[in-house]
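In what follows, a single structure is set out as structure tokens and then discussed.
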Amino acid sequence: MKNNPLRKRVGAMLVATGILSRGLALQTFAEKGFEITSEQYLILSLLVEHGELYQRQISELTYKDRPNVSRIINILEEKELVKRVNSSNGRQIYKIVVTEKGRNLREIIHPVIVDIRKTITKGISKEELEICLQILEKMLDNMKDKVKLQI
């Protein structure tokens with residue numbers, strides 16, 4: 001829709017892009033019959049890439065509030081894809097750790113994620129994508145101190 005008046009509004013384009021990319025991922029995950037959602041995959045993938053993480057760290061990395069992250073972790077734990085490991089003396093502070101089952105599922109889903117990314121970035125050169133990511137990072141930096149998230 002080249003004549004859409006929202007095209008020149010950064011916020012509207014970011015929201016639309018986010019909604020459509022999330023919709024594409026949800027639709028693809030459902031078609032493939034994956035037992036987790038794309039949001040759950042994101043957290044599973046972060047844990048595989050970063051190792052053990054605290055819930056607060058996951059919230060900060062994903063910009064999701066703690067109740068939402070806690071709900072996702074509970075679901076992943078019920079499916080035996082992650083587990084909570086007590087990391088503190090006497091306090092209920094847990095690191096979240098990926099299980100072998102979780103690692104295996106991530107390996108199955110990862111190529112599908114790569115295909116989704118290819119669909120989303122079709123016709124965009126590596127240089128254009130790098131510039132886009134740099135601009136988005138600057139926008140994030142501009143907002144980080146201005147927005148108080150409940151993380």
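In the structure tokens, the first chain shown is A, the next is B, and so on; residue numbers restart at 1 for each chain, and ligands run from 1 in the order shown.
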Write out as a list of chain:residue names all residues of chain A that backbone DSSP assigns to strand (DSSP E).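 Matching residues, listed in order: A:Leu53, A:Tyr54, A:Val82, A:Lys83, A:Arg84, A:Val85, A:Asn86, A:Tyr94, A:Lys95, A:Ile96, A:Val97, A:Val98.
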Using N, CA, C and O atoms, can you export the residues from the last selection as a PDB file, in the first residue's frame?
```pdb
ATOM      1  N   LEU A  53      20.070 -17.489  32.701  1.00  0.00           N
ATOM      2  CA  LEU A  53      19.683 -16.091  32.881  1.00  0.00           C
ATOM      3  C   LEU A  53      18.671 -15.993  34.012  1.00  0.00           C
ATOM      4  O   LEU A  53      17.885 -16.915  34.235  1.00  0.00           O
ATOM      5  N   TYR A  54      18.695 -14.871  34.711  1.00  0.00           N
ATOM      6  CA  TYR A  54      17.658 -14.578  35.683  1.00  0.00           C
ATOM      7  C   TYR A  54      16.441 -14.047  34.937  1.00  0.00           C
ATOM      8  O   TYR A  54      16.553 -13.494  33.843  1.00  0.00           O
ATOM      9  N   VAL A  82      12.624 -25.801  29.900  1.00  0.00           N
ATOM     10  CA  VAL A  82      13.522 -25.063  30.785  1.00  0.00           C
ATOM     11  C   VAL A  82      13.275 -25.529  32.207  1.00  0.00           C
ATOM     12  O   VAL A  82      12.267 -26.185  32.493  1.00  0.00           O
ATOM     13  N   LYS A  83      14.204 -25.160  33.078  1.00  0.00           N
ATOM     14  CA  LYS A  83      13.991 -25.421  34.499  1.00  0.00           C
ATOM     15  C   LYS A  83      14.550 -24.257  35.296  1.00  0.00           C
ATOM     16  O   LYS A  83      15.423 -23.518  34.834  1.00  0.00           O
ATOM     17  N   ARG A  84      14.011 -24.090  36.485  1.00  0.00           N
ATOM     18  CA  ARG A  84      14.489 -23.069  37.412  1.00  0.00           C
ATOM     19  C   ARG A  84      15.509 -23.719  38.343  1.00  0.00           C
ATOM     20  O   ARG A  84      15.254 -24.783  38.889  1.00  0.00           O
ATOM     21  N   VAL A  85      16.635 -23.049  38.517  1.00  0.00           N
ATOM     22  CA  VAL A  85      17.688 -23.544  39.398  1.00  0.00           C
ATOM     23  C   VAL A  85      17.927 -22.493  40.467  1.00  0.00           C
ATOM     24  O   VAL A  85      18.242 -21.338  40.143  1.00  0.00           O
ATOM     25  N   ASN A  86      17.767 -22.868  41.735  1.00  0.00           N
ATOM     26  CA  ASN A  86      17.981 -21.929  42.833  1.00  0.00           C
ATOM     27  C   ASN A  86      19.426 -21.462  42.804  1.00  0.00           C
ATOM     28  O   ASN A  86      20.345 -22.264  42.773  1.00  0.00           O
ATOM     29  N   TYR A  94      15.986 -17.559  41.202  1.00  0.00           N
ATOM     30  CA  TYR A  94      16.284 -18.686  40.329  1.00  0.00           C
ATOM     31  C   TYR A  94      16.896 -18.222  39.019  1.00  0.00           C
ATOM     32  O   TYR A  94      16.508 -17.193  38.473  1.00  0.00           O
ATOM     33  N   LYS A  95      17.833 -19.006  38.545  1.00  0.00           N
ATOM     34  CA  LYS A  95      18.305 -18.852  37.176  1.00  0.00           C
ATOM     35  C   LYS A  95      17.457 -19.778  36.324  1.00  0.00           C
ATOM     36  O   LYS A  95      17.050 -20.843  36.766  1.00  0.00           O
ATOM     37  N   ILE A  96      17.205 -19.353  35.109  1.00  0.00           N
ATOM     38  CA  ILE A  96      16.439 -20.167  34.181  1.00  0.00           C
ATOM     39  C   ILE A  96      17.455 -20.848  33.254  1.00  0.00           C
ATOM     40  O   ILE A  96      18.336 -20.196  32.692  1.00  0.00           O
ATOM     41  N   VAL A  97      17.306 -22.158  33.121  1.00  0.00           N
ATOM     42  CA  VAL A  97      18.259 -22.966  32.377  1.00  0.00           C
ATOM     43  C   VAL A  97      17.502 -23.803  31.343  1.00  0.00           C
ATOM     44  O   VAL A  97      16.437 -24.350  31.639  1.00  0.00           O
ATOM     45  N   VAL A  98      18.052 -23.924  30.149  1.00  0.00           N
ATOM     46  CA  VAL A  98      17.449 -24.748  29.101  1.00  0.00           C
ATOM     47  C   VAL A  98      17.769 -26.214  29.363  1.00  0.00           C
ATOM     48  O   VAL A  98      18.894 -26.561  29.709  1.00  0.00           O
TER      49      VAL A  98
END
```
List every residue of chain A that DSSP, applied to the backbone of this structure, assigns to helix (DSSP H, G or I), and report them as a VMD selection string. chain A and resid 5 to 8 10 to 32 38 to 50 55 to 62 66 to 78 100 to 120 126 to 144
Could you tell me how far CA of Tyr41 (chain A) lies from CA of Arg106 (chain A), in Å and to one decimal?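 Taking CA of Tyr41 (chain A) as the start and CA of Arg106 (chain A) as the end point, the length is 7.2 Å.
Put simply, CA of Tyr63 (chain A) is 7.9 Å away from CA of Leu149 (chain A).
Computed from the coordinates, the CA of Arg22 (chain A) to CA of Glu39 (chain A) distance equals 8.7 Å.
Using only C-alpha atoms, the smallest distance between any of A:Ser21, A:Lys101, A:Arg7, A:Leu76 and Thr121 (chain A) comes from A:Ser21.
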Residues at most 9 Å from Gly102 (chain A), counting only C-alpha atoms, excluding those fewer than 6 positions away in the same chain, as an mmCIF file with N, CA, C and O atoms, in the first residue's frame?
```cif
data_model
loop_
_atom_site.group_PDB
_atom_site.id
_atom_site.type_symbol
_atom_site.label_atom_id
_atom_site.label_comp_id
_atom_site.auth_asym_id
_atom_site.auth_seq_id
_atom_site.Cartn_x
_atom_site.Cartn_y
_atom_site.Cartn_z
ATOM 1 N N LEU A 44 13.413 -19.122 24.797
ATOM 2 C CA LEU A 44 14.180 -20.364 24.708
ATOM 3 C C LEU A 44 15.494 -20.113 23.963
ATOM 4 O O LEU A 44 16.568 -20.542 24.406
ATOM 5 N N VAL A 48 19.482 -20.423 25.185
ATOM 6 C CA VAL A 48 20.477 -21.249 24.494
ATOM 7 C C VAL A 48 21.709 -20.401 24.165
ATOM 8 O O VAL A 48 22.847 -20.819 24.370
ATOM 9 N N LEU A 76 7.068 -22.894 29.512
ATOM 10 C CA LEU A 76 8.245 -23.636 29.042
ATOM 11 C C LEU A 76 8.678 -24.693 30.060
ATOM 12 O O LEU A 76 9.115 -25.784 29.675
ATOM 13 N N LYS A 79 6.435 -27.721 29.923
ATOM 14 C CA LYS A 79 6.760 -28.536 28.753
ATOM 15 C C LYS A 79 8.152 -29.172 28.869
ATOM 16 O O LYS A 79 8.623 -29.802 27.924
ATOM 17 N N GLU A 80 8.798 -28.942 30.017
ATOM 18 C CA GLU A 80 10.133 -29.480 30.317
ATOM 19 C C GLU A 80 11.196 -28.984 29.344
ATOM 20 O O GLU A 80 12.142 -29.688 29.017
ATOM 21 N N LEU A 81 11.033 -27.744 28.885
ATOM 22 C CA LEU A 81 12.003 -27.138 27.974
ATOM 23 C C LEU A 81 13.017 -26.281 28.717
ATOM 24 O O LEU A 81 14.120 -26.048 28.214
ATOM 25 N N VAL A 82 12.624 -25.801 29.900
ATOM 26 C CA VAL A 82 13.522 -25.063 30.785
ATOM 27 C C VAL A 82 13.275 -25.529 32.207
ATOM 28 O O VAL A 82 12.267 -26.185 32.493
#
```
As a PDB file with C-alpha atoms, in the first residue's frame, please: the residues near His110 (chain A) (cut-off 12 Å, only C-alpha atoms, same-chain neighbours under 4 positions excluded).
```
ATOM      1  CA  ALA A  25       5.708 -16.119  12.996  1.00  0.00           C
ATOM      2  CA  PHE A  29       4.515 -21.916  14.017  1.00  0.00           C
ATOM      3  CA  PHE A  34       5.305 -26.454  16.920  1.00  0.00           C
ATOM      4  CA  SER A  38       7.225 -17.523  18.697  1.00  0.00           C
ATOM      5  CA  TYR A  41      10.830 -19.538  21.218  1.00  0.00           C
ATOM      6  CA  LEU A  42      12.446 -16.118  21.693  1.00  0.00           C
ATOM      7  CA  LEU A  44      14.180 -20.364  24.708  1.00  0.00           C
ATOM      8  CA  SER A  45      16.609 -19.109  22.069  1.00  0.00           C
ATOM      9  CA  LEU A  46      17.994 -16.387  24.350  1.00  0.00           C
ATOM     10  CA  VAL A  48      20.477 -21.249  24.494  1.00  0.00           C
ATOM     11  CA  GLY A 102      14.607 -27.402  25.014  1.00  0.00           C
ATOM     12  CA  ARG A 103      17.906 -27.333  23.119  1.00  0.00           C
ATOM     13  CA  ASN A 104      16.650 -30.017  20.747  1.00  0.00           C
ATOM     14  CA  LEU A 105      13.393 -28.144  20.065  1.00  0.00           C
ATOM     15  CA  ARG A 106      15.300 -24.919  19.448  1.00  0.00           C
ATOM     16  CA  VAL A 114      15.842 -18.233   9.480  1.00  0.00           C
ATOM     17  CA  ASP A 115      13.284 -18.724   6.689  1.00  0.00           C
ATOM     18  CA  ILE A 116      10.911 -16.231   8.327  1.00  0.00           C
ATOM     19  CA  ARG A 117      13.752 -13.692   8.524  1.00  0.00           C
TER      20      ARG A 117
END
```
Could you check the closest approach to Glu107 (chain A) for each of A:Glu127, A:Ser59, A:Glu49, A:Ile93 and tell me which residue wins, using only C-alpha atoms?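 Going through A:Glu127, A:Ser59, A:Glu49, A:Ile93 one by one, the smallest distance to Glu107 (chain A) is for A:Glu49.
By only C-alpha atoms, and with residues fewer than 5 positions from region 130-141 of chain A along its chain excluded, the set lying at most 12 Å from it is Val10, Gly11, Leu14, Tyr63, Thr121, Ile124, Ser125, Lys146 and Val147 of chain A.
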